[in-house]
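Visitor: Please find start_13.cif (mmCIF, C-alpha atoms) on the next line:
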```cif
data_final
#
loop_
_atom_site.label_atom_id
_atom_site.label_comp_id
_atom_site.auth_asym_id
_atom_site.auth_seq_id
_atom_site.Cartn_x
_atom_site.Cartn_y
_atom_site.Cartn_z
CA MET A 18 -54.81 71.59 -157.45
CA SER A 19 -51.69 71.66 -155.28
CA ASP A 20 -51.43 74.06 -152.37
CA LEU A 21 -47.72 74.62 -153.05
CA GLU A 22 -46.71 78.19 -153.85
CA ILE A 23 -43.37 78.56 -155.68
CA ALA A 24 -41.48 81.85 -155.76
CA ARG A 25 -37.98 83.08 -156.56
CA LEU A 26 -35.75 83.36 -153.51
CA ASP A 27 -34.24 86.71 -152.59
CA PRO A 28 -30.77 85.72 -151.30
CA PHE A 29 -30.43 89.14 -149.64
CA ASP A 30 -33.52 88.60 -147.48
CA PRO A 31 -32.04 86.94 -144.37
CA VAL A 32 -35.33 85.56 -143.04
CA ALA A 33 -36.35 84.06 -146.38
CA PHE A 34 -32.90 82.73 -147.05
CA ASP A 35 -32.49 81.10 -143.65
CA ALA A 36 -35.85 79.34 -144.04
CA TRP A 37 -34.90 78.15 -147.54
CA HIS A 38 -31.59 76.76 -146.28
CA ALA A 39 -33.25 75.10 -143.30
CA ALA A 40 -35.52 73.17 -145.68
CA TYR A 41 -32.55 72.20 -147.83
CA LEU A 42 -30.58 71.06 -144.78
CA ALA A 43 -33.48 69.05 -143.33
CA ALA A 44 -33.89 67.22 -146.62
CA GLU A 45 -30.16 66.51 -146.88
CA HIS A 46 -30.00 65.07 -143.37
CA ALA A 47 -33.05 62.87 -143.82
CA GLY A 48 -31.05 60.04 -145.40
CA ALA A 49 -28.82 57.45 -143.80
CA ASP A 50 -25.79 58.55 -141.79
CA GLY A 51 -22.76 59.44 -143.89
CA VAL A 52 -24.67 59.97 -147.12
CA ALA A 53 -25.19 63.73 -147.09
CA ALA A 54 -22.51 66.39 -147.50
CA PRO A 55 -24.56 69.61 -147.42
CA LEU A 56 -23.23 73.11 -147.78
CA MET A 57 -23.50 75.23 -144.66
CA LEU A 58 -25.68 78.34 -144.45
CA GLU A 59 -23.05 81.01 -145.11
CA GLU A 60 -21.40 78.94 -147.83
CA VAL A 61 -24.64 78.80 -149.82
CA ARG A 62 -25.56 82.42 -149.05
CA ALA A 63 -22.28 83.59 -150.58
CA VAL A 64 -22.91 81.52 -153.73
CA LEU A 65 -26.45 82.76 -154.27
CA GLN A 66 -25.43 86.38 -153.65
CA GLU A 67 -22.53 86.19 -156.08
CA THR A 68 -22.72 88.38 -159.19
CA GLY A 69 -19.58 87.16 -160.94
CA THR A 70 -18.92 86.19 -164.53
CA ARG A 71 -18.48 82.43 -164.12
CA ARG A 72 -21.93 81.19 -163.07
CA TRP A 73 -25.45 82.31 -162.36
CA ASN A 74 -27.17 80.78 -159.32
CA GLY A 75 -30.82 81.15 -158.40
CA GLY A 76 -33.01 79.74 -155.68
CA TRP A 77 -36.72 78.92 -155.61
CA THR A 78 -38.83 78.45 -152.49
CA GLY A 79 -41.88 76.22 -152.20
CA THR A 80 -44.25 77.14 -149.37
CA VAL A 81 -47.47 75.68 -148.00
CA ALA A 82 -49.53 77.86 -145.66
CA GLY A 83 -46.48 80.06 -145.11
CA ARG A 84 -44.12 77.21 -144.27
CA VAL A 85 -41.11 76.51 -146.49
CA VAL A 86 -41.41 72.85 -147.50
CA ALA A 87 -39.24 72.75 -150.63
CA ALA A 88 -36.00 74.36 -151.80
CA GLY A 89 -34.84 74.51 -155.42
CA TRP A 90 -31.53 75.65 -156.84
CA LEU A 91 -30.52 76.32 -160.44
CA ASN A 92 -26.85 76.71 -161.43
CA LEU A 93 -25.94 77.91 -164.93
CA PRO A 94 -22.41 78.11 -166.38
CA LEU A 95 -21.91 81.42 -168.19
CA LEU A 96 -18.51 81.00 -169.87
CA ASP A 97 -18.74 77.43 -171.21
CA ASN A 98 -21.14 74.46 -171.32
CA LEU A 99 -23.85 76.90 -172.37
CA GLU A 100 -26.38 74.15 -173.06
CA ARG A 101 -26.18 72.91 -169.47
CA ALA A 102 -28.12 73.64 -166.31
CA ASP A 103 -27.50 72.02 -162.92
CA LEU A 104 -30.50 71.77 -160.65
CA THR A 105 -31.32 70.47 -157.19
CA VAL A 106 -34.66 69.91 -155.49
CA HIS A 107 -35.16 69.26 -151.78
CA VAL A 108 -38.40 68.58 -149.90
CA VAL A 109 -38.54 68.44 -146.10
CA PRO A 110 -39.10 64.87 -144.86
CA ASP A 111 -42.61 65.28 -143.43
CA GLU A 112 -43.98 66.86 -146.63
CA ARG A 113 -42.83 64.27 -149.15
CA ARG A 114 -45.10 62.18 -151.39
CA ARG A 115 -47.40 65.15 -152.02
CA GLY A 116 -46.05 66.13 -155.45
CA TYR A 117 -44.16 69.19 -154.22
CA GLY A 118 -40.81 67.97 -155.55
CA SER A 119 -42.32 67.28 -158.96
CA GLU A 120 -43.82 70.76 -159.15
CA LEU A 121 -40.51 72.34 -158.24
CA VAL A 122 -38.63 70.26 -160.81
CA ARG A 123 -41.01 71.45 -163.51
CA ARG A 124 -40.53 75.08 -162.47
CA LEU A 125 -36.72 74.76 -162.55
CA GLU A 126 -36.86 73.06 -165.93
CA GLU A 127 -39.00 75.91 -167.25
CA ALA A 128 -36.43 78.41 -165.99
CA ALA A 129 -33.58 76.45 -167.59
CA ARG A 130 -35.45 76.38 -170.88
CA GLU A 131 -35.95 80.15 -170.71
CA TRP A 132 -32.17 80.46 -170.47
CA GLY A 133 -31.85 78.30 -173.59
CA ARG A 134 -30.46 75.31 -171.68
CA THR A 135 -31.24 71.86 -173.07
CA VAL A 136 -28.96 69.56 -171.04
CA LEU A 137 -30.05 69.27 -167.41
CA LYS A 138 -28.02 67.64 -164.67
CA GLY A 139 -28.86 66.71 -161.11
CA GLU A 140 -27.31 64.63 -158.34
CA THR A 141 -28.63 62.39 -155.60
CA ALA A 142 -26.87 60.28 -152.98
CA TRP A 143 -27.64 56.93 -151.39
CA PRO A 144 -25.98 54.45 -149.01
CA TYR A 145 -22.95 52.61 -150.33
CA ALA A 146 -24.54 49.22 -149.69
CA ALA A 147 -27.41 50.05 -152.05
CA GLY A 148 -25.11 49.43 -155.02
CA PRO A 149 -23.88 51.44 -157.99
CA ASP A 150 -27.25 52.13 -159.61
CA GLY A 151 -29.17 52.88 -156.40
CA ALA A 152 -32.20 50.87 -157.47
CA GLY A 153 -35.09 51.47 -155.09
CA GLN A 154 -33.51 54.51 -153.45
CA PRO A 155 -35.86 57.52 -153.21
CA GLY A 156 -33.63 60.07 -154.92
CA ARG A 157 -32.72 57.75 -157.74
CA GLU A 158 -36.31 56.74 -158.40
CA PHE A 159 -37.46 60.37 -158.25
CA ALA A 160 -34.85 61.35 -160.85
CA ARG A 161 -35.78 58.49 -163.18
CA SER A 162 -39.50 59.25 -162.87
CA HIS A 163 -38.81 62.72 -164.28
CA GLY A 164 -36.76 61.50 -167.23
CA TYR A 165 -33.26 61.75 -165.77
CA ALA A 166 -30.89 58.88 -166.59
CA LEU A 167 -27.87 57.87 -164.52
CA ALA A 168 -24.89 59.22 -166.48
CA LEU A 169 -22.03 58.73 -163.99
CA GLY A 170 -21.69 56.94 -160.67
CA ASP A 171 -19.42 58.34 -157.95
CA VAL A 172 -18.32 57.01 -154.57
CA LYS A 173 -18.02 59.17 -151.47
CA ARG A 174 -14.95 58.29 -149.42
CA VAL A 175 -13.75 59.49 -146.04
CA LEU A 176 -10.21 59.52 -144.67
CA ARG A 177 -9.74 59.68 -140.91
CA LEU A 178 -7.16 62.27 -139.92
CA PRO A 179 -4.37 62.54 -139.10
CA VAL A 180 -2.77 60.12 -141.53
CA PRO A 181 0.31 58.63 -139.80
CA ASP A 182 3.58 60.28 -140.79
CA ARG A 183 5.05 56.84 -141.37
CA LEU A 184 2.54 56.08 -144.12
CA LEU A 185 3.10 59.45 -145.79
CA ASP A 186 6.88 58.94 -145.61
CA ASP A 187 6.61 55.51 -147.21
CA LEU A 188 4.35 56.68 -150.03
CA ALA A 189 6.49 59.74 -150.74
CA ALA A 190 9.63 57.60 -150.84
CA GLU A 191 7.96 55.17 -153.22
CA ALA A 192 6.95 57.92 -155.62
CA ALA A 193 10.13 60.05 -155.46
CA PRO A 194 12.34 58.06 -157.88
CA HIS A 195 9.67 58.36 -160.57
CA HIS A 196 9.34 62.16 -160.56
CA ALA A 197 12.93 63.31 -160.09
CA ALA A 198 12.61 65.69 -163.04
CA TYR A 199 9.71 67.53 -161.41
CA THR A 200 9.47 69.95 -158.50
CA LEU A 201 6.66 69.91 -155.95
CA ARG A 202 5.39 73.18 -154.52
CA SER A 203 2.75 73.55 -151.78
CA TRP A 204 0.97 76.56 -150.30
CA ALA A 205 -2.20 77.64 -148.50
CA GLY A 206 -4.53 80.28 -149.88
CA PRO A 207 -4.59 81.98 -153.30
CA VAL A 208 -2.53 80.72 -156.21
CA PRO A 209 0.78 82.60 -156.51
CA ASP A 210 0.82 85.05 -159.40
CA ALA A 211 3.68 83.19 -161.09
CA LEU A 212 1.60 79.99 -161.24
CA VAL A 213 -1.90 81.28 -161.85
CA ASP A 214 -1.92 80.94 -165.65
CA GLY A 215 -0.63 77.37 -165.52
CA TRP A 216 -3.03 76.53 -162.70
CA ALA A 217 -5.92 77.92 -164.73
CA ALA A 218 -4.99 75.95 -167.84
CA LEU A 219 -4.72 72.65 -166.00
CA THR A 220 -7.80 73.00 -163.81
CA ALA A 221 -9.87 73.98 -166.86
CA SER A 222 -9.41 70.47 -168.25
CA LEU A 223 -10.51 68.59 -165.11
CA GLU A 224 -14.14 68.55 -166.20
CA THR A 225 -13.29 66.44 -169.27
CA GLU A 226 -10.05 64.71 -168.24
CA ALA A 227 -11.75 63.03 -165.28
CA PRO A 228 -14.21 60.25 -166.17
CA THR A 229 -17.45 61.70 -167.54
CA GLY A 230 -19.53 58.61 -168.30
CA ASP A 231 -22.50 59.69 -170.41
CA LEU A 232 -22.41 63.30 -169.23
CA ALA A 233 -22.42 65.94 -171.96
CA VAL A 234 -19.59 68.24 -170.90
CA GLU A 235 -16.94 70.39 -172.52
CA PRO A 236 -13.75 71.89 -171.04
CA GLU A 237 -14.31 74.82 -168.72
CA HIS A 238 -13.13 78.31 -169.54
CA VAL A 239 -10.70 79.20 -166.79
CA ASP A 240 -8.19 82.05 -166.83
CA ALA A 241 -6.48 84.13 -164.17
CA THR A 242 -9.53 86.37 -163.78
CA VAL A 243 -11.79 83.37 -163.20
CA VAL A 244 -9.33 81.92 -160.67
CA ARG A 245 -9.25 85.16 -158.68
CA GLU A 246 -13.02 85.45 -158.81
CA GLY A 247 -13.33 81.96 -157.40
CA GLU A 248 -10.84 82.73 -154.64
CA ALA A 249 -12.84 85.79 -153.63
CA LEU A 250 -15.94 83.62 -153.35
CA LEU A 251 -14.07 81.12 -151.18
CA ALA A 252 -13.11 83.91 -148.80
CA ARG A 253 -16.73 85.03 -148.50
CA GLN A 254 -17.75 81.44 -147.82
CA GLY A 255 -15.29 81.09 -144.96
CA ARG A 256 -13.21 78.54 -146.84
CA ARG A 257 -9.46 78.16 -147.15
CA LYS A 258 -7.64 76.05 -149.73
CA PHE A 259 -4.45 73.99 -149.46
CA ASN A 260 -2.72 73.31 -152.75
CA THR A 261 0.19 71.37 -154.22
CA VAL A 262 1.46 71.39 -157.79
CA ALA A 263 4.17 69.62 -159.73
CA LEU A 264 6.30 71.77 -162.03
CA ASP A 265 8.36 70.53 -164.94
CA GLU A 266 11.85 71.83 -165.73
CA SER A 267 10.38 74.85 -167.56
CA GLY A 268 8.25 75.77 -164.55
CA SER A 269 4.96 74.71 -166.15
CA VAL A 270 2.22 73.31 -163.91
CA VAL A 271 1.75 69.66 -164.92
CA ALA A 272 -0.10 68.31 -161.88
CA TYR A 273 -2.20 69.73 -159.07
CA THR A 274 -4.37 68.83 -156.12
CA ASP A 275 -6.37 70.98 -153.72
CA ILE A 276 -8.17 70.54 -150.41
CA ALA A 277 -10.69 72.98 -148.93
CA THR A 278 -11.40 73.64 -145.27
CA THR A 279 -14.27 75.68 -143.86
CA VAL A 280 -14.78 77.60 -140.64
CA HIS A 281 -18.29 76.19 -140.55
CA GLU A 282 -17.06 72.60 -140.10
CA PRO A 283 -13.78 72.93 -138.19
CA ASP A 284 -13.17 69.17 -137.95
CA ARG A 285 -13.67 68.39 -141.64
CA ALA A 286 -11.90 69.10 -144.93
CA TYR A 287 -12.81 68.31 -148.52
CA GLN A 288 -10.51 66.90 -151.17
CA TRP A 289 -11.35 68.65 -154.41
CA GLY A 290 -9.56 68.16 -157.72
CA THR A 291 -6.47 66.13 -158.56
CA LEU A 292 -5.14 65.96 -162.11
CA VAL A 293 -1.92 65.18 -163.95
CA ARG A 294 -1.44 66.57 -167.43
CA ARG A 295 -1.46 63.81 -170.05
CA ASP A 296 2.13 64.26 -171.14
CA ALA A 297 3.36 64.03 -167.54
CA ARG A 298 1.58 60.86 -166.53
CA GLY A 299 3.42 57.72 -165.50
CA HIS A 300 5.65 59.48 -162.94
CA ARG A 301 3.52 58.91 -159.79
CA LEU A 302 2.78 62.62 -159.68
CA GLY A 303 -0.82 62.09 -158.59
CA LEU A 304 0.35 60.22 -155.51
CA ALA A 305 3.19 62.66 -154.90
CA VAL A 306 1.08 65.83 -154.90
CA LYS A 307 -1.61 64.28 -152.72
CA VAL A 308 0.90 63.13 -150.12
CA ALA A 309 2.61 66.54 -150.06
CA ASN A 310 -0.73 68.31 -149.75
CA LEU A 311 -1.83 66.08 -146.88
CA ARG A 312 1.38 66.95 -145.05
CA LEU A 313 0.68 70.66 -145.47
CA LEU A 314 -2.93 70.23 -144.37
CA GLN A 315 -2.08 68.28 -141.22
CA GLU A 316 0.74 70.61 -140.23
CA SER A 317 -1.53 73.64 -140.69
CA CYS A 318 -4.77 72.21 -139.25
CA PRO A 319 -3.97 69.64 -136.56
CA ASP A 320 -7.56 69.60 -135.29
CA LEU A 321 -9.03 68.19 -138.50
CA ARG A 322 -10.47 64.70 -138.09
CA ARG A 323 -11.78 63.69 -141.51
CA LEU A 324 -11.24 64.38 -145.17
CA THR A 325 -14.10 63.76 -147.62
CA THR A 326 -13.77 63.14 -151.34
CA TYR A 327 -15.74 61.84 -154.31
CA ASN A 328 -14.38 59.73 -157.17
CA ALA A 329 -16.02 58.31 -160.25
CA GLU A 330 -16.42 54.60 -159.62
CA VAL A 331 -14.54 53.87 -162.86
CA ASN A 332 -11.56 56.13 -162.02
CA ALA A 333 -9.35 53.18 -161.08
CA ARG A 334 -6.06 55.09 -160.80
CA MET A 335 -7.34 57.74 -158.39
CA VAL A 336 -9.32 55.19 -156.41
CA ASP A 337 -6.13 53.17 -155.97
CA VAL A 338 -4.26 56.24 -154.70
CA ASN A 339 -7.06 57.03 -152.26
CA ASP A 340 -7.23 53.43 -151.07
CA ARG A 341 -3.53 53.50 -150.29
CA LEU A 342 -3.94 56.70 -148.31
CA GLY A 343 -6.66 55.04 -146.25
CA PHE A 344 -9.90 56.45 -147.68
CA VAL A 345 -12.95 54.27 -146.95
CA PRO A 346 -16.14 54.24 -149.09
CA VAL A 347 -19.19 55.44 -147.14
CA ALA A 348 -21.83 56.39 -149.73
CA ARG A 349 -22.58 56.76 -153.43
CA LEU A 350 -23.54 59.73 -155.58
CA GLY A 351 -25.37 59.46 -158.88
CA GLU A 352 -25.02 62.15 -161.52
CA PHE A 353 -28.21 62.18 -163.61
CA GLN A 354 -28.84 63.85 -166.94
CA LYS A 355 -31.84 64.79 -169.04
CA ARG A 356 -32.05 66.36 -172.48
CA LEU A 357 -34.93 68.70 -173.22
CA ALA A 358 -36.65 68.31 -176.55
#
```
Go through the file and emit its structure as structure tokens.
Guide:
Amino acid sequence: MSDLEIARLDPFDPVAFDAWHAAYLAAEHAGADGVAAPLMLEEVRAVLQETGTRRWNGGWTGTVAGRVVAAGWLNLPLLDNLERADLTVHVVPDERRRGYGSELVRRLEEAAREWGRTVLKGETAWPYAAGPDGAGQPGREFARSHGYALALGDVKRVLRLPVPDRLLDDLAAEAAPHHAAYTLRSWAGPVPDALVDGWAALTASLETEAPTGDLAVEPEHVDATVVREGEALLARQGRRKFNTVALDESGSVVAYTDIATTVHEPDRAYQWGTLVRRDARGHRLGLAVKVANLRLLQESCPDLRRLTTYNAEVNARMVDVNDRLGFVPVARLGEFQKRLA
């Protein structure tokens, strides 16, 4: 019988939470350089303390003789994708190969089943050189041994900042003749009230408009209330967003991109979503909004030194845009899925 004790995490207990996050962070940093992109302590604390309408998040702690050796996390959408549960399992490096991760996976799967969830999703990263399927990599083999199949392969890319103004000028000039009928608008912080409904409608479709591979996903439910709830969470996490949209002649939002910064990593930013509405594609709007947003970011945050993003390996158009901006692949991320009987 295992000596692992598994219990629900109280995110409002600072001692318990800090120990849980320390285990998570140690596990994330155990891989090769450049692979991990962990969330910082206060970013995760804000998520697990959230009581909003969009998602439910819960943590589980695995201890041996009073020491936290494993950290589990279950994330459940509440407004859409109601069959789905996202889970993560981390075991500190010196306590691996003892079955603790397997026990924690089973506990999280039991919890997901109690919520009526039948489609489980997890992620694991590995070095870029290990190839698209990550054969032989510990996280990948762990996922497969528990019945999770690789459903979508992503590539982690990093852009060294600042991007030269000359390159941004050239790319903007190249794209401009193709989107003359559209207006670009950039800002930092919350979405302006006049744009929030259009922003919500477009961002809701990112989950299914971006490549999904074999993932079972449906469009997200996003409205103005959900957008504002998410912005409030960002503020509690110490994050700030930089955003650019393209508007058609009627003022509708037809393209967007956003980048997040965090006070917990002052030299790094994260490229989040980029999407062009189907009926507005073919006008170089994806390139245009990303260039404009990079300008805003660099003007506002001159001390940033790197921008991290993830793209589905098969997303050729966005990969091409990122290549032209100077992003370099540094690692891979596998999105794994399992269906419960």
Visitor: With distances taken over all atoms listed in the file, which of A:Arg124, A:Arg341, A:Arg134, A:Arg157 is nearest to Glu191 of chain A?
Guide: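 With all atoms listed in the file as the atom set, the closest residue is A:Arg341.
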Visitor: What lies within 8 Å of Val136 of chain A using only C-alpha atoms, ignoring chain neighbours under 3 positions off, as a CSV table (one decimal) with C-alpha atoms, in the coordinates of the input?
Guide:
```
chain,number,residue,atom,x,y,z
A,100,GLU,CA,-26.4,74.2,-173.1
A,101,ARG,CA,-26.2,72.9,-169.5
A,102,ALA,CA,-28.1,73.6,-166.3
A,233,ALA,CA,-22.4,65.9,-172.0
A,354,GLN,CA,-28.8,63.8,-166.9
A,355,LYS,CA,-31.8,64.8,-169.0
A,356,ARG,CA,-32.0,66.4,-172.5
A,357,LEU,CA,-34.9,68.7,-173.2
```
Visitor: Quick one: residues within 9 Å of Ser119 of chain A, all atoms listed in the file, excluding same-chain residues fewer than 5 positions away - as an MDAnalysis selection string?
Guide: chainID A and resid 106 124 159 163
Visitor: Need the shell around Asp340 of chain A: protein/DNA/RNA residues with any atom at most 12 Å away, counting all atoms listed in the file. Skip same-chain ones fewer than 3 positions apart. Format as a CSV table (one decimal) with C-alpha atoms, in the frame of the given file?
Guide:
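The file below, part09.csv, is the result:
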```csv
chain,number,residue,atom,x,y,z
A,174,ARG,CA,-15.0,58.3,-149.4
A,175,VAL,CA,-13.8,59.5,-146.0
A,176,LEU,CA,-10.2,59.5,-144.7
A,304,LEU,CA,0.4,60.2,-155.5
A,326,THR,CA,-13.8,63.1,-151.3
A,328,ASN,CA,-14.4,59.7,-157.2
A,333,ALA,CA,-9.4,53.2,-161.1
A,334,ARG,CA,-6.1,55.1,-160.8
A,335,MET,CA,-7.3,57.7,-158.4
A,336,VAL,CA,-9.3,55.2,-156.4
A,337,ASP,CA,-6.1,53.2,-156.0
A,343,GLY,CA,-6.7,55.0,-146.2
A,344,PHE,CA,-9.9,56.4,-147.7
A,345,VAL,CA,-13.0,54.3,-147.0
A,346,PRO,CA,-16.1,54.2,-149.1
```
Visitor: Output the residue selection produced by the PyMOL selection byres ((chain A and resi 139) around 8) on the file above, formatted as number ranges by chain.
Guide: A: 103-105, 137-138, 140-141, 352-354
Visitor: What do you get, as an MDAnalysis selection string, if you spell out every residue that the PyMOL selection byres ((chain A and resi 310-313) around 8) selects here?
Guide: chainID A and resid 185 203:204 259:261 274:276 306:309 314:317
Visitor: Hey, which of A:Asp97, A:Asp182, A:Glu45, A:Glu59 ends up closest to His238 of chain A? Count all atoms listed in the file.
Guide: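 Selected residue with least distance to His238 of chain A: A:Asp97.
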Visitor: Mind giving me the straight-line distance from atom CA of Pro155 of chain A to atom CA of Gly89 of chain A in Å, one decimal?
Guide: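 So the two atoms, atom CA of Pro155 of chain A and atom CA of Gly89 of chain A, lie 17.2 Å apart.
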Visitor: Atom CA of Gly230 of chain A to atom CA of Ala218 of chain A: how many Å, to one decimal?
Guide: 22.6 Å
Visitor: Give me the residues within 7 Å of Gly303 of chain A as a ChimeraX atom specification, counting all atoms listed in the file and dropping any in the same chain fewer than 2 places off.
Guide: /A:291-293,301,305-307
Visitor: Could you list, as an MDAnalysis selection string, every residue within 12 Å of segment 32-36 of chain A, counting all atoms listed in the file and ignoring same-chain residues fewer than 2 positions away?
Guide: chainID A and resid 24:30 38:43 57:59 61:63 65:66 75:80 83:89 109
Visitor: Could you add whatever atoms are missing so that segment 66-93 of chain A carries N, CA and C atoms, then write the result as an mmCIF file, in the coordinates of the input?
Guide:
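The resulting file, rebuild.cif, is reproduced below:
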```
data_model
loop_
_atom_site.group_PDB
_atom_site.id
_atom_site.type_symbol
_atom_site.label_atom_id
_atom_site.label_comp_id
_atom_site.auth_asym_id
_atom_site.auth_seq_id
_atom_site.Cartn_x
_atom_site.Cartn_y
_atom_site.Cartn_z
ATOM 1 N N GLN A 66 -25.564 84.915 -153.566
ATOM 2 C CA GLN A 66 -25.430 86.380 -153.650
ATOM 3 C C GLN A 66 -24.367 86.813 -154.651
ATOM 4 N N GLU A 67 -23.629 85.857 -155.176
ATOM 5 C CA GLU A 67 -22.530 86.190 -156.080
ATOM 6 C C GLU A 67 -23.054 86.776 -157.387
ATOM 7 N N THR A 68 -22.352 87.764 -157.908
ATOM 8 C CA THR A 68 -22.720 88.380 -159.190
ATOM 9 C C THR A 68 -21.531 88.360 -160.139
ATOM 10 N N GLY A 69 -20.780 87.253 -160.120
ATOM 11 C CA GLY A 69 -19.580 87.160 -160.940
ATOM 12 C C GLY A 69 -19.873 86.766 -162.371
ATOM 13 N N THR A 70 -18.799 86.490 -163.103
ATOM 14 C CA THR A 70 -18.920 86.190 -164.530
ATOM 15 C C THR A 70 -18.968 84.702 -164.825
ATOM 16 N N ARG A 71 -18.638 83.865 -163.847
ATOM 17 C CA ARG A 71 -18.480 82.430 -164.120
ATOM 18 C C ARG A 71 -19.809 81.688 -164.175
ATOM 19 N N ARG A 72 -20.686 81.941 -163.190
ATOM 20 C CA ARG A 72 -21.930 81.190 -163.070
ATOM 21 C C ARG A 72 -23.049 82.083 -162.563
ATOM 22 N N TRP A 73 -24.262 81.693 -162.935
ATOM 23 C CA TRP A 73 -25.450 82.310 -162.360
ATOM 24 C C TRP A 73 -26.130 81.277 -161.478
ATOM 25 N N ASN A 74 -26.485 81.661 -160.258
ATOM 26 C CA ASN A 74 -27.170 80.780 -159.320
ATOM 27 C C ASN A 74 -28.462 81.431 -158.871
ATOM 28 N N GLY A 75 -29.531 80.639 -158.863
ATOM 29 C CA GLY A 75 -30.820 81.150 -158.400
ATOM 30 C C GLY A 75 -31.517 80.128 -157.542
ATOM 31 N N GLY A 76 -32.261 80.619 -156.558
ATOM 32 C CA GLY A 76 -33.010 79.740 -155.680
ATOM 33 C C GLY A 76 -34.512 79.940 -155.847
ATOM 34 N N TRP A 77 -35.267 78.876 -155.599
ATOM 35 C CA TRP A 77 -36.720 78.920 -155.610
ATOM 36 C C TRP A 77 -37.227 78.308 -154.297
ATOM 37 N N THR A 78 -38.266 78.907 -153.743
ATOM 38 C CA THR A 78 -38.830 78.450 -152.490
ATOM 39 C C THR A 78 -40.256 77.937 -152.712
ATOM 40 N N GLY A 79 -40.538 76.760 -152.164
ATOM 41 C CA GLY A 79 -41.880 76.220 -152.200
ATOM 42 C C GLY A 79 -42.489 76.288 -150.809
ATOM 43 N N THR A 80 -43.615 76.972 -150.675
ATOM 44 C CA THR A 80 -44.250 77.140 -149.370
ATOM 45 C C THR A 80 -45.671 76.591 -149.379
ATOM 46 N N VAL A 81 -46.098 76.113 -148.229
ATOM 47 C CA VAL A 81 -47.470 75.680 -148.000
ATOM 48 C C VAL A 81 -47.943 76.342 -146.715
ATOM 49 N N ALA A 82 -48.994 77.152 -146.819
ATOM 50 C CA ALA A 82 -49.530 77.860 -145.660
ATOM 51 C C ALA A 82 -48.447 78.642 -144.918
ATOM 52 N N GLY A 83 -47.533 79.243 -145.695
ATOM 53 C CA GLY A 83 -46.480 80.060 -145.110
ATOM 54 C C GLY A 83 -45.258 79.323 -144.648
ATOM 55 N N ARG A 84 -45.274 78.004 -144.692
ATOM 56 C CA ARG A 84 -44.120 77.210 -144.270
ATOM 57 C C ARG A 84 -43.305 76.785 -145.475
ATOM 58 N N VAL A 85 -41.976 76.954 -145.405
ATOM 59 C CA VAL A 85 -41.110 76.510 -146.490
ATOM 60 C C VAL A 85 -40.975 74.987 -146.419
ATOM 61 N N VAL A 86 -41.449 74.313 -147.458
ATOM 62 C CA VAL A 86 -41.410 72.850 -147.500
ATOM 63 C C VAL A 86 -40.504 72.320 -148.605
ATOM 64 N N ALA A 87 -40.073 73.195 -149.518
ATOM 65 C CA ALA A 87 -39.240 72.750 -150.630
ATOM 66 C C ALA A 87 -38.263 73.849 -151.011
ATOM 67 N N ALA A 88 -37.058 73.430 -151.398
ATOM 68 C CA ALA A 88 -36.000 74.360 -151.800
ATOM 69 C C ALA A 88 -35.425 73.914 -153.134
ATOM 70 N N GLY A 89 -35.407 74.814 -154.100
ATOM 71 C CA GLY A 89 -34.840 74.510 -155.420
ATOM 72 C C GLY A 89 -33.668 75.421 -155.712
ATOM 73 N N TRP A 90 -32.767 74.926 -156.545
ATOM 74 C CA TRP A 90 -31.530 75.650 -156.840
ATOM 75 C C TRP A 90 -31.165 75.380 -158.285
ATOM 76 N N LEU A 91 -30.918 76.433 -159.043
ATOM 77 C CA LEU A 91 -30.520 76.320 -160.440
ATOM 78 C C LEU A 91 -29.157 76.979 -160.613
ATOM 79 N N ASN A 92 -28.226 76.257 -161.243
ATOM 80 C CA ASN A 92 -26.850 76.710 -161.430
ATOM 81 C C ASN A 92 -26.544 76.661 -162.920
ATOM 82 N N LEU A 93 -26.178 77.811 -163.494
ATOM 83 C CA LEU A 93 -25.940 77.910 -164.930
ATOM 84 C C LEU A 93 -24.516 78.380 -165.220
#
```
